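To start, the structure under review is shown below, and the notes come after it.
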Amino acid sequence: MKATEQTLQQIERCIRRTAEKIPANPDTSLMTDIHVRVIQDSGEVITYNDNDVEIARGVVEQWIGNTDDDFYTAIPPIIRKCIESQKALVDNMGIMKPYTFVLENDEKEPIEELYIVDDDLVIIDTDMMMQDLDKDLDDFLDNLLKDA
């Protein structure tokens with residue numbers, strides 16, 4: 001699925017509203033996750049705190065009535081791109097670190113971690129981080145056994 005410029009703007013607006021409602025301050029919130037719930041039928045993107053209290057909401061017109069079977073596997077890169085474009089706001093929210101943006105479907109089931117923030121570490125794409133991990137571990141073990 002290719003996102004239009006309008007789609008990116010609509011998602012970024014929702015992320016910006018979320019960050020504005022959790023401003024940076026010395027008394028950080030005990031919240032540990034931002035839940036990004038996307039409702040496929042209506043195109044709604046809603047962010048929630050850990051207690052399922054709504055923080056912000058927006059509508060992505062391109063997603064209204066979308067019936068693609070791979071919808072929830074196609075949208076994470078789009079949302080990640082939007083979070084990354086708002087990085088300065090997102091990384092300075094008044095939330096206790098580490099915290100995560102978690103994508104959920106309309107039934108509140110977690111689908112994927114979109115963005116992980118720790119003090120000095122930000123992980124944008126966990127799939128890329130884990131890519132070729134098996135090969136790296138096999139190579140490490142082979143080298144270790146050669147030396148033994």
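Order determines the names: the first chain of the structure tokens is A, the second B, and so forth; residues in each chain are numbered 1 upward, and ligands are numbered 1 upward as they are shown.
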
Show which residues sit within 12 Å of Trp63 (chain A), as a PyMOL selection string. Count only C-alpha atoms, and ignore same-chain residues fewer than 6 positions away. chain A and resi 1-4+6-8+10-11+38-45+71-72+74-75+78

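The spacing separating CA of Thr73 (chain A) from CA of Ile95 (chain A) amounts to 27.3 Å.
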
If we count only C-alpha atoms and set the cut-off at 8 Å, which residues sit around Ile22 (chain A), ignoring sequence neighbours fewer than 3 positions away in its own chain? Please answer as a PyMOL selection string. chain A and resi 18-19+93-95

With N, CA, C and O atoms kept, could you save the residues just selected as a short mmCIF file (atom, residue, chain, number, x, y, z; two decimals), in the first residue's frame?
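Generated output (selection34.cif):
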data_model
loop_
_atom_site.label_atom_id
_atom_site.label_comp_id
_atom_site.auth_asym_id
_atom_site.auth_seq_id
_atom_site.Cartn_x
_atom_site.Cartn_y
_atom_site.Cartn_z
N THR A 18 -0.96 13.78 20.01
CA THR A 18 -0.60 12.88 21.12
C THR A 18 0.55 13.47 21.91
O THR A 18 0.49 13.56 23.14
N ALA A 19 1.60 13.88 21.21
CA ALA A 19 2.79 14.44 21.88
C ALA A 19 2.45 15.72 22.62
O ALA A 19 2.98 15.98 23.71
N MET A 93 8.49 13.37 24.98
CA MET A 93 7.21 13.32 25.70
C MET A 93 7.48 13.00 27.17
O MET A 93 8.47 12.33 27.50
N GLY A 94 6.61 13.46 28.04
CA GLY A 94 6.77 13.25 29.47
C GLY A 94 6.33 11.86 29.89
O GLY A 94 5.40 11.72 30.68
N ILE A 95 6.99 10.86 29.38
CA ILE A 95 6.68 9.46 29.70
C ILE A 95 7.95 8.83 30.25
O ILE A 95 9.05 9.07 29.76
#

Please list as number ranges by chain every residue within 6 Å of Asp33 (chain A), counting only C-alpha atoms and excluding residues in the same chain fewer than 2 positions away. A: 31, 99-101

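Note that CA of Met96 (chain A) and CA of Leu30 (chain A) are 5.6 Å apart.
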
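Between CA of Gly65 (chain A) and CA of Ile111 (chain A) the separation is 19.7 Å.
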
Give the alpha helix (DSSP H) residues of chain A, as DSSP finds them on the backbone, and put them as a PyMOL selection string. chain A and resi 5-21+71-74+76-85+87-90+126-130+133-147

Can you pull out every residue from chain A that DSSP, working from the backbone, puts in strand (DSSP E or B), and format the result as a PDB file with all heavy atoms, in the first residue's frame?
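Ended up saving to states_37.pdb:
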ATOM      1  N   SER A  29       5.225  10.879  33.383  1.00  0.00           N
ATOM      2  CA  SER A  29       4.080  10.006  33.585  1.00  0.00           C
ATOM      3  C   SER A  29       4.565   8.575  33.778  1.00  0.00           C
ATOM      4  O   SER A  29       5.604   8.184  33.263  1.00  0.00           O
ATOM      5  CB  SER A  29       3.187  10.088  32.347  1.00  0.00           C
ATOM      6  OG  SER A  29       2.260   9.043  32.340  1.00  0.00           O
ATOM      7  N   ASP A  33       3.525   2.846  27.542  1.00  0.00           N
ATOM      8  CA  ASP A  33       3.247   2.598  26.135  1.00  0.00           C
ATOM      9  C   ASP A  33       2.219   3.580  25.609  1.00  0.00           C
ATOM     10  O   ASP A  33       1.332   4.025  26.333  1.00  0.00           O
ATOM     11  CB  ASP A  33       2.702   1.175  25.909  1.00  0.00           C
ATOM     12  CG  ASP A  33       3.737   0.104  26.178  1.00  0.00           C
ATOM     13  OD1 ASP A  33       4.874   0.259  25.719  1.00  0.00           O
ATOM     14  OD2 ASP A  33       3.389  -0.888  26.842  1.00  0.00           O
ATOM     15  N   ILE A  34       2.335   3.869  24.310  1.00  0.00           N
ATOM     16  CA  ILE A  34       1.304   4.586  23.574  1.00  0.00           C
ATOM     17  C   ILE A  34       0.706   3.548  22.635  1.00  0.00           C
ATOM     18  O   ILE A  34       1.423   2.940  21.832  1.00  0.00           O
ATOM     19  CB  ILE A  34       1.882   5.746  22.738  1.00  0.00           C
ATOM     20  CG1 ILE A  34       2.635   6.738  23.619  1.00  0.00           C
ATOM     21  CG2 ILE A  34       0.795   6.408  21.916  1.00  0.00           C
ATOM     22  CD1 ILE A  34       1.764   7.567  24.509  1.00  0.00           C
ATOM     23  N   HIS A  35      -0.562   3.292  22.768  1.00  0.00           N
ATOM     24  CA  HIS A  35      -1.233   2.305  21.926  1.00  0.00           C
ATOM     25  C   HIS A  35      -1.846   3.028  20.736  1.00  0.00           C
ATOM     26  O   HIS A  35      -2.653   3.935  20.912  1.00  0.00           O
ATOM     27  CB  HIS A  35      -2.309   1.564  22.731  1.00  0.00           C
ATOM     28  CG  HIS A  35      -1.746   0.881  23.935  1.00  0.00           C
ATOM     29  ND1 HIS A  35      -1.333  -0.422  23.907  1.00  0.00           N
ATOM     30  CD2 HIS A  35      -1.495   1.342  25.185  1.00  0.00           C
ATOM     31  CE1 HIS A  35      -0.855  -0.743  25.099  1.00  0.00           C
ATOM     32  NE2 HIS A  35      -0.940   0.306  25.888  1.00  0.00           N
ATOM     33  N   VAL A  36      -1.444   2.624  19.548  1.00  0.00           N
ATOM     34  CA  VAL A  36      -1.954   3.219  18.316  1.00  0.00           C
ATOM     35  C   VAL A  36      -2.943   2.220  17.732  1.00  0.00           C
ATOM     36  O   VAL A  36      -2.561   1.183  17.206  1.00  0.00           O
ATOM     37  CB  VAL A  36      -0.814   3.495  17.305  1.00  0.00           C
ATOM     38  CG1 VAL A  36      -1.369   4.116  16.035  1.00  0.00           C
ATOM     39  CG2 VAL A  36       0.253   4.378  17.936  1.00  0.00           C
ATOM     40  N   ARG A  37      -4.215   2.528  17.868  1.00  0.00           N
ATOM     41  CA  ARG A  37      -5.260   1.631  17.385  1.00  0.00           C
ATOM     42  C   ARG A  37      -5.762   2.144  16.046  1.00  0.00           C
ATOM     43  O   ARG A  37      -6.161   3.296  15.914  1.00  0.00           O
ATOM     44  CB  ARG A  37      -6.391   1.568  18.396  1.00  0.00           C
ATOM     45  CG  ARG A  37      -7.341   0.411  18.162  1.00  0.00           C
ATOM     46  CD  ARG A  37      -8.230   0.177  19.363  1.00  0.00           C
ATOM     47  NE  ARG A  37      -7.444  -0.080  20.560  1.00  0.00           N
ATOM     48  CZ  ARG A  37      -7.813   0.314  21.785  1.00  0.00           C
ATOM     49  NH1 ARG A  37      -8.931   0.954  21.975  1.00  0.00           N
ATOM     50  NH2 ARG A  37      -7.041   0.053  22.817  1.00  0.00           N
ATOM     51  N   VAL A  38      -5.715   1.269  15.047  1.00  0.00           N
ATOM     52  CA  VAL A  38      -6.196   1.623  13.718  1.00  0.00           C
ATOM     53  C   VAL A  38      -7.434   0.786  13.436  1.00  0.00           C
ATOM     54  O   VAL A  38      -7.408  -0.437  13.560  1.00  0.00           O
ATOM     55  CB  VAL A  38      -5.123   1.375  12.643  1.00  0.00           C
ATOM     56  CG1 VAL A  38      -5.662   1.677  11.260  1.00  0.00           C
ATOM     57  CG2 VAL A  38      -3.890   2.230  12.925  1.00  0.00           C
ATOM     58  N   ILE A  39      -8.502   1.456  13.057  1.00  0.00           N
ATOM     59  CA  ILE A  39      -9.761   0.777  12.761  1.00  0.00           C
ATOM     60  C   ILE A  39      -9.922   0.771  11.246  1.00  0.00           C
ATOM     61  O   ILE A  39     -10.103   1.810  10.624  1.00  0.00           O
ATOM     62  CB  ILE A  39     -10.944   1.467  13.472  1.00  0.00           C
ATOM     63  CG1 ILE A  39     -10.658   1.464  14.986  1.00  0.00           C
ATOM     64  CG2 ILE A  39     -12.259   0.772  13.140  1.00  0.00           C
ATOM     65  CD1 ILE A  39     -11.614   2.260  15.814  1.00  0.00           C
ATOM     66  N   GLU A  44      -9.999   5.253  11.177  1.00  0.00           N
ATOM     67  CA  GLU A  44      -9.600   5.997  12.371  1.00  0.00           C
ATOM     68  C   GLU A  44      -8.257   5.520  12.905  1.00  0.00           C
ATOM     69  O   GLU A  44      -7.964   4.328  12.908  1.00  0.00           O
ATOM     70  CB  GLU A  44     -10.641   5.834  13.476  1.00  0.00           C
ATOM     71  CG  GLU A  44     -11.925   6.569  13.215  1.00  0.00           C
ATOM     72  CD  GLU A  44     -12.915   6.352  14.329  1.00  0.00           C
ATOM     73  OE1 GLU A  44     -13.484   5.247  14.399  1.00  0.00           O
ATOM     74  OE2 GLU A  44     -13.109   7.293  15.130  1.00  0.00           O
ATOM     75  N   VAL A  45      -7.468   6.485  13.363  1.00  0.00           N
ATOM     76  CA  VAL A  45      -6.219   6.229  14.071  1.00  0.00           C
ATOM     77  C   VAL A  45      -6.388   6.898  15.431  1.00  0.00           C
ATOM     78  O   VAL A  45      -6.587   8.108  15.509  1.00  0.00           O
ATOM     79  CB  VAL A  45      -5.011   6.839  13.331  1.00  0.00           C
ATOM     80  CG1 VAL A  45      -3.730   6.620  14.120  1.00  0.00           C
ATOM     81  CG2 VAL A  45      -4.892   6.266  11.933  1.00  0.00           C
ATOM     82  N   ILE A  46      -6.343   6.084  16.483  1.00  0.00           N
ATOM     83  CA  ILE A  46      -6.595   6.597  17.826  1.00  0.00           C
ATOM     84  C   ILE A  46      -5.434   6.181  18.717  1.00  0.00           C
ATOM     85  O   ILE A  46      -5.014   5.023  18.686  1.00  0.00           O
ATOM     86  CB  ILE A  46      -7.907   6.025  18.403  1.00  0.00           C
ATOM     87  CG1 ILE A  46      -9.050   6.200  17.398  1.00  0.00           C
ATOM     88  CG2 ILE A  46      -8.244   6.687  19.738  1.00  0.00           C
ATOM     89  CD1 ILE A  46     -10.270   5.367  17.703  1.00  0.00           C
ATOM     90  N   THR A  47      -4.926   7.123  19.490  1.00  0.00           N
ATOM     91  CA  THR A  47      -3.879   6.775  20.445  1.00  0.00           C
ATOM     92  C   THR A  47      -4.480   6.712  21.844  1.00  0.00           C
ATOM     93  O   THR A  47      -5.373   7.496  22.190  1.00  0.00           O
ATOM     94  CB  THR A  47      -2.715   7.794  20.418  1.00  0.00           C
ATOM     95  OG1 THR A  47      -3.218   9.107  20.666  1.00  0.00           O
ATOM     96  CG2 THR A  47      -1.989   7.749  19.082  1.00  0.00           C
ATOM     97  N   TYR A  48      -4.001   5.746  22.615  1.00  0.00           N
ATOM     98  CA  TYR A  48      -4.474   5.506  23.978  1.00  0.00           C
ATOM     99  C   TYR A  48      -3.285   5.381  24.908  1.00  0.00           C
ATOM    100  O   TYR A  48      -2.194   4.998  24.491  1.00  0.00           O
ATOM    101  CB  TYR A  48      -5.257   4.176  24.056  1.00  0.00           C
ATOM    102  CG  TYR A  48      -6.552   4.172  23.309  1.00  0.00           C
ATOM    103  CD1 TYR A  48      -6.615   3.780  21.983  1.00  0.00           C
ATOM    104  CD2 TYR A  48      -7.734   4.537  23.937  1.00  0.00           C
ATOM    105  CE1 TYR A  48      -7.816   3.757  21.289  1.00  0.00           C
ATOM    106  CE2 TYR A  48      -8.948   4.522  23.254  1.00  0.00           C
ATOM    107  CZ  TYR A  48      -8.974   4.126  21.933  1.00  0.00           C
ATOM    108  OH  TYR A  48     -10.166   4.121  21.257  1.00  0.00           O
ATOM    109  N   GLU A  54      -8.331   7.478  25.825  1.00  0.00           N
ATOM    110  CA  GLU A  54      -7.986   8.085  24.546  1.00  0.00           C
ATOM    111  C   GLU A  54      -7.150   9.343  24.747  1.00  0.00           C
ATOM    112  O   GLU A  54      -7.458  10.185  25.585  1.00  0.00           O
ATOM    113  CB  GLU A  54      -9.262   8.431  23.779  1.00  0.00           C
ATOM    114  CG  GLU A  54      -8.993   8.983  22.400  1.00  0.00           C
ATOM    115  CD  GLU A  54     -10.262   9.266  21.619  1.00  0.00           C
ATOM    116  OE1 GLU A  54     -11.175   8.399  21.616  1.00  0.00           O
ATOM    117  OE2 GLU A  54     -10.334  10.351  21.014  1.00  0.00           O
ATOM    118  N   ILE A  55      -6.088   9.446  23.939  1.00  0.00           N
ATOM    119  CA  ILE A  55      -5.227  10.631  23.971  1.00  0.00           C
ATOM    120  C   ILE A  55      -5.550  11.527  22.770  1.00  0.00           C
ATOM    121  O   ILE A  55      -5.767  12.716  22.914  1.00  0.00           O
ATOM    122  CB  ILE A  55      -3.739  10.244  23.954  1.00  0.00           C
ATOM    123  CG1 ILE A  55      -3.395   9.353  25.142  1.00  0.00           C
ATOM    124  CG2 ILE A  55      -2.857  11.495  23.923  1.00  0.00           C
ATOM    125  CD1 ILE A  55      -2.014   8.730  25.076  1.00  0.00           C
ATOM    126  N   ALA A  56      -5.547  10.935  21.581  1.00  0.00           N
ATOM    127  CA  ALA A  56      -5.805  11.717  20.360  1.00  0.00           C
ATOM    128  C   ALA A  56      -6.451  10.811  19.324  1.00  0.00           C
ATOM    129  O   ALA A  56      -6.372   9.579  19.395  1.00  0.00           O
ATOM    130  CB  ALA A  56      -4.509  12.313  19.821  1.00  0.00           C
ATOM    131  N   ARG A  57      -7.051  11.454  18.324  1.00  0.00           N
ATOM    132  CA  ARG A  57      -7.762  10.699  17.294  1.00  0.00           C
ATOM    133  C   ARG A  57      -7.663  11.445  15.978  1.00  0.00           C
ATOM    134  O   ARG A  57      -7.624  12.668  15.937  1.00  0.00           O
ATOM    135  CB  ARG A  57      -9.204  10.540  17.732  1.00  0.00           C
ATOM    136  CG  ARG A  57     -10.221  10.268  16.705  1.00  0.00           C
ATOM    137  CD  ARG A  57     -11.641  10.286  17.275  1.00  0.00           C
ATOM    138  NE  ARG A  57     -11.812   9.443  18.435  1.00  0.00           N
ATOM    139  CZ  ARG A  57     -12.455   8.278  18.435  1.00  0.00           C
ATOM    140  NH1 ARG A  57     -13.007   7.825  17.322  1.00  0.00           N
ATOM    141  NH2 ARG A  57     -12.576   7.574  19.532  1.00  0.00           N
ATOM    142  N   GLY A  58      -7.627  10.671  14.903  1.00  0.00           N
ATOM    143  CA  GLY A  58      -7.638  11.244  13.565  1.00  0.00           C
ATOM    144  C   GLY A  58      -8.235  10.242  12.597  1.00  0.00           C
ATOM    145  O   GLY A  58      -8.474   9.082  12.958  1.00  0.00           O
ATOM    146  N   VAL A  59      -8.485  10.668  11.388  1.00  0.00           N
ATOM    147  CA  VAL A  59      -9.030   9.784  10.357  1.00  0.00           C
ATOM    148  C   VAL A  59      -8.121   9.857   9.144  1.00  0.00           C
ATOM    149  O   VAL A  59      -7.739  10.935   8.704  1.00  0.00           O
ATOM    150  CB  VAL A  59     -10.467  10.189   9.959  1.00  0.00           C
ATOM    151  CG1 VAL A  59     -10.963   9.345   8.800  1.00  0.00           C
ATOM    152  CG2 VAL A  59     -11.405  10.061  11.148  1.00  0.00           C
ATOM    153  N   ILE A  95       6.993  10.860  29.376  1.00  0.00           N
ATOM    154  CA  ILE A  95       6.680   9.464  29.699  1.00  0.00           C
ATOM    155  C   ILE A  95       7.945   8.826  30.253  1.00  0.00           C
ATOM    156  O   ILE A  95       9.047   9.065  29.756  1.00  0.00           O
ATOM    157  CB  ILE A  95       6.247   8.673  28.443  1.00  0.00           C
ATOM    158  CG1 ILE A  95       5.024   9.308  27.804  1.00  0.00           C
ATOM    159  CG2 ILE A  95       5.972   7.221  28.789  1.00  0.00           C
ATOM    160  CD1 ILE A  95       4.612   8.640  26.502  1.00  0.00           C
ATOM    161  N   TYR A  99       9.705   3.544  26.711  1.00  0.00           N
ATOM    162  CA  TYR A  99       8.314   3.461  26.288  1.00  0.00           C
ATOM    163  C   TYR A  99       8.242   3.072  24.821  1.00  0.00           C
ATOM    164  O   TYR A  99       9.222   3.149  24.097  1.00  0.00           O
ATOM    165  CB  TYR A  99       7.533   4.750  26.573  1.00  0.00           C
ATOM    166  CG  TYR A  99       8.015   5.990  25.867  1.00  0.00           C
ATOM    167  CD1 TYR A  99       7.541   6.338  24.606  1.00  0.00           C
ATOM    168  CD2 TYR A  99       8.922   6.836  26.479  1.00  0.00           C
ATOM    169  CE1 TYR A  99       7.962   7.487  23.970  1.00  0.00           C
ATOM    170  CE2 TYR A  99       9.350   8.001  25.848  1.00  0.00           C
ATOM    171  CZ  TYR A  99       8.874   8.313  24.602  1.00  0.00           C
ATOM    172  OH  TYR A  99       9.294   9.447  23.979  1.00  0.00           O
ATOM    173  N   THR A 100       7.058   2.626  24.425  1.00  0.00           N
ATOM    174  CA  THR A 100       6.875   2.044  23.105  1.00  0.00           C
ATOM    175  C   THR A 100       5.579   2.545  22.477  1.00  0.00           C
ATOM    176  O   THR A 100       4.594   2.741  23.174  1.00  0.00           O
ATOM    177  CB  THR A 100       6.790   0.501  23.233  1.00  0.00           C
ATOM    178  OG1 THR A 100       7.926   0.023  23.935  1.00  0.00           O
ATOM    179  CG2 THR A 100       6.722  -0.168  21.888  1.00  0.00           C
ATOM    180  N   PHE A 101       5.606   2.724  21.167  1.00  0.00           N
ATOM    181  CA  PHE A 101       4.382   2.913  20.391  1.00  0.00           C
ATOM    182  C   PHE A 101       4.010   1.527  19.885  1.00  0.00           C
ATOM    183  O   PHE A 101       4.821   0.881  19.188  1.00  0.00           O
ATOM    184  CB  PHE A 101       4.612   3.848  19.199  1.00  0.00           C
ATOM    185  CG  PHE A 101       4.541   5.295  19.536  1.00  0.00           C
ATOM    186  CD1 PHE A 101       5.570   5.923  20.216  1.00  0.00           C
ATOM    187  CD2 PHE A 101       3.437   6.049  19.174  1.00  0.00           C
ATOM    188  CE1 PHE A 101       5.515   7.265  20.518  1.00  0.00           C
ATOM    189  CE2 PHE A 101       3.363   7.399  19.475  1.00  0.00           C
ATOM    190  CZ  PHE A 101       4.411   8.007  20.148  1.00  0.00           C
ATOM    191  N   VAL A 102       2.832   1.050  20.230  1.00  0.00           N
ATOM    192  CA  VAL A 102       2.389  -0.291  19.853  1.00  0.00           C
ATOM    193  C   VAL A 102       1.183  -0.182  18.929  1.00  0.00           C
ATOM    194  O   VAL A 102       0.195   0.462  19.268  1.00  0.00           O
ATOM    195  CB  VAL A 102       1.999  -1.116  21.108  1.00  0.00           C
ATOM    196  CG1 VAL A 102       1.516  -2.497  20.712  1.00  0.00           C
ATOM    197  CG2 VAL A 102       3.151  -1.199  22.085  1.00  0.00           C
ATOM    198  N   LEU A 103       1.270  -0.814  17.766  1.00  0.00           N
ATOM    199  CA  LEU A 103       0.144  -0.843  16.833  1.00  0.00           C
ATOM    200  C   LEU A 103      -0.834  -1.919  17.279  1.00  0.00           C
ATOM    201  O   LEU A 103      -0.433  -3.047  17.570  1.00  0.00           O
ATOM    202  CB  LEU A 103       0.630  -1.131  15.414  1.00  0.00           C
ATOM    203  CG  LEU A 103      -0.465  -1.287  14.355  1.00  0.00           C
ATOM    204  CD1 LEU A 103      -1.251   0.012  14.188  1.00  0.00           C
ATOM    205  CD2 LEU A 103       0.145  -1.719  13.030  1.00  0.00           C
ATOM    206  N   GLU A 104      -2.119  -1.551  17.328  1.00  0.00           N
ATOM    207  CA  GLU A 104      -3.178  -2.496  17.676  1.00  0.00           C
ATOM    208  C   GLU A 104      -4.242  -2.472  16.583  1.00  0.00           C
ATOM    209  O   GLU A 104      -4.438  -1.466  15.917  1.00  0.00           O
ATOM    210  CB  GLU A 104      -3.850  -2.102  18.993  1.00  0.00           C
ATOM    211  CG  GLU A 104      -2.947  -2.158  20.187  1.00  0.00           C
ATOM    212  CD  GLU A 104      -3.659  -1.746  21.467  1.00  0.00           C
ATOM    213  OE1 GLU A 104      -4.782  -1.195  21.395  1.00  0.00           O
ATOM    214  OE2 GLU A 104      -3.089  -1.964  22.536  1.00  0.00           O
ATOM    215  N   PRO A 110      -2.538  -6.405  20.096  1.00  0.00           N
ATOM    216  CA  PRO A 110      -1.271  -5.834  19.633  1.00  0.00           C
ATOM    217  C   PRO A 110      -0.785  -6.546  18.372  1.00  0.00           C
ATOM    218  O   PRO A 110      -0.858  -7.759  18.264  1.00  0.00           O
ATOM    219  CB  PRO A 110      -0.307  -6.059  20.795  1.00  0.00           C
ATOM    220  CG  PRO A 110      -0.980  -6.983  21.729  1.00  0.00           C
ATOM    221  CD  PRO A 110      -2.427  -7.063  21.376  1.00  0.00           C
ATOM    222  N   ILE A 111      -0.317  -5.753  17.428  1.00  0.00           N
ATOM    223  CA  ILE A 111       0.161  -6.294  16.164  1.00  0.00           C
ATOM    224  C   ILE A 111       1.676  -6.197  16.078  1.00  0.00           C
ATOM    225  O   ILE A 111       2.339  -7.157  15.716  1.00  0.00           O
ATOM    226  CB  ILE A 111      -0.481  -5.558  14.977  1.00  0.00           C
ATOM    227  CG1 ILE A 111      -1.976  -5.817  15.002  1.00  0.00           C
ATOM    228  CG2 ILE A 111       0.127  -5.985  13.653  1.00  0.00           C
ATOM    229  CD1 ILE A 111      -2.750  -4.995  14.023  1.00  0.00           C
ATOM    230  N   GLU A 112       2.194  -5.017  16.439  1.00  0.00           N
ATOM    231  CA  GLU A 112       3.621  -4.794  16.254  1.00  0.00           C
ATOM    232  C   GLU A 112       4.072  -3.575  17.051  1.00  0.00           C
ATOM    233  O   GLU A 112       3.333  -2.614  17.195  1.00  0.00           O
ATOM    234  CB  GLU A 112       3.875  -4.562  14.766  1.00  0.00           C
ATOM    235  CG  GLU A 112       5.302  -4.518  14.362  1.00  0.00           C
ATOM    236  CD  GLU A 112       5.463  -4.509  12.846  1.00  0.00           C
ATOM    237  OE1 GLU A 112       4.600  -5.047  12.128  1.00  0.00           O
ATOM    238  OE2 GLU A 112       6.464  -3.959  12.394  1.00  0.00           O
ATOM    239  N   GLU A 113       5.318  -3.646  17.549  1.00  0.00           N
ATOM    240  CA  GLU A 113       5.914  -2.477  18.167  1.00  0.00           C
ATOM    241  C   GLU A 113       6.429  -1.587  17.042  1.00  0.00           C
ATOM    242  O   GLU A 113       7.176  -2.032  16.183  1.00  0.00           O
ATOM    243  CB  GLU A 113       7.049  -2.875  19.106  1.00  0.00           C
ATOM    244  CG  GLU A 113       6.555  -3.590  20.336  1.00  0.00           C
ATOM    245  CD  GLU A 113       7.675  -3.990  21.278  1.00  0.00           C
ATOM    246  OE1 GLU A 113       8.826  -4.159  20.824  1.00  0.00           O
ATOM    247  OE2 GLU A 113       7.387  -4.137  22.471  1.00  0.00           O
ATOM    248  N   LEU A 114       6.011  -0.338  17.054  1.00  0.00           N
ATOM    249  CA  LEU A 114       6.367   0.583  15.983  1.00  0.00           C
ATOM    250  C   LEU A 114       7.612   1.396  16.291  1.00  0.00           C
ATOM    251  O   LEU A 114       8.393   1.722  15.400  1.00  0.00           O
ATOM    252  CB  LEU A 114       5.213   1.557  15.727  1.00  0.00           C
ATOM    253  CG  LEU A 114       3.900   0.953  15.272  1.00  0.00           C
ATOM    254  CD1 LEU A 114       2.794   1.984  15.331  1.00  0.00           C
ATOM    255  CD2 LEU A 114       4.053   0.397  13.870  1.00  0.00           C
ATOM    256  N   TYR A 115       7.785   1.741  17.553  1.00  0.00           N
ATOM    257  CA  TYR A 115       8.833   2.686  17.917  1.00  0.00           C
ATOM    258  C   TYR A 115       9.140   2.481  19.388  1.00  0.00           C
ATOM    259  O   TYR A 115       8.235   2.520  20.226  1.00  0.00           O
ATOM    260  CB  TYR A 115       8.307   4.098  17.658  1.00  0.00           C
ATOM    261  CG  TYR A 115       9.313   5.209  17.678  1.00  0.00           C
ATOM    262  CD1 TYR A 115      10.095   5.482  16.568  1.00  0.00           C
ATOM    263  CD2 TYR A 115       9.448   6.028  18.793  1.00  0.00           C
ATOM    264  CE1 TYR A 115      10.986   6.541  16.564  1.00  0.00           C
ATOM    265  CE2 TYR A 115      10.336   7.094  18.800  1.00  0.00           C
ATOM    266  CZ  TYR A 115      11.100   7.342  17.686  1.00  0.00           C
ATOM    267  OH  TYR A 115      11.984   8.388  17.679  1.00  0.00           O
ATOM    268  N   ILE A 116      10.393   2.261  19.719  1.00  0.00           N
ATOM    269  CA  ILE A 116      10.803   2.020  21.101  1.00  0.00           C
ATOM    270  C   ILE A 116      11.801   3.101  21.492  1.00  0.00           C
ATOM    271  O   ILE A 116      12.771   3.334  20.770  1.00  0.00           O
ATOM    272  CB  ILE A 116      11.453   0.628  21.261  1.00  0.00           C
ATOM    273  CG1 ILE A 116      10.490  -0.459  20.778  1.00  0.00           C
ATOM    274  CG2 ILE A 116      11.884   0.394  22.700  1.00  0.00           C
ATOM    275  CD1 ILE A 116      11.125  -1.826  20.627  1.00  0.00           C
ATOM    276  N   VAL A 117      11.560   3.757  22.625  1.00  0.00           N
ATOM    277  CA  VAL A 117      12.443   4.813  23.092  1.00  0.00           C
ATOM    278  C   VAL A 117      12.981   4.440  24.467  1.00  0.00           C
ATOM    279  O   VAL A 117      12.228   4.112  25.373  1.00  0.00           O
ATOM    280  CB  VAL A 117      11.686   6.164  23.196  1.00  0.00           C
ATOM    281  CG1 VAL A 117      12.605   7.253  23.716  1.00  0.00           C
ATOM    282  CG2 VAL A 117      11.094   6.551  21.859  1.00  0.00           C
ATOM    283  N   VAL A 122      16.930   4.473  20.439  1.00  0.00           N
ATOM    284  CA  VAL A 122      15.636   4.532  19.783  1.00  0.00           C
ATOM    285  C   VAL A 122      15.630   3.443  18.728  1.00  0.00           C
ATOM    286  O   VAL A 122      16.525   3.369  17.894  1.00  0.00           O
ATOM    287  CB  VAL A 122      15.384   5.901  19.106  1.00  0.00           C
ATOM    288  CG1 VAL A 122      14.100   5.861  18.308  1.00  0.00           C
ATOM    289  CG2 VAL A 122      15.332   7.000  20.140  1.00  0.00           C
ATOM    290  N   ILE A 123      14.636   2.554  18.784  1.00  0.00           N
ATOM    291  CA  ILE A 123      14.510   1.489  17.797  1.00  0.00           C
ATOM    292  C   ILE A 123      13.271   1.791  16.978  1.00  0.00           C
ATOM    293  O   ILE A 123      12.162   1.842  17.508  1.00  0.00           O
ATOM    294  CB  ILE A 123      14.390   0.104  18.471  1.00  0.00           C
ATOM    295  CG1 ILE A 123      15.645  -0.162  19.308  1.00  0.00           C
ATOM    296  CG2 ILE A 123      14.187  -0.979  17.417  1.00  0.00           C
ATOM    297  CD1 ILE A 123      15.551  -1.399  20.164  1.00  0.00           C
TER     298      ILE A 123
END

Neighbour list for Arg80 (chain A) as a count of residues only, cut-off 9 Å, only C-alpha atoms, skip fewer than 3 positions in-chain: 10
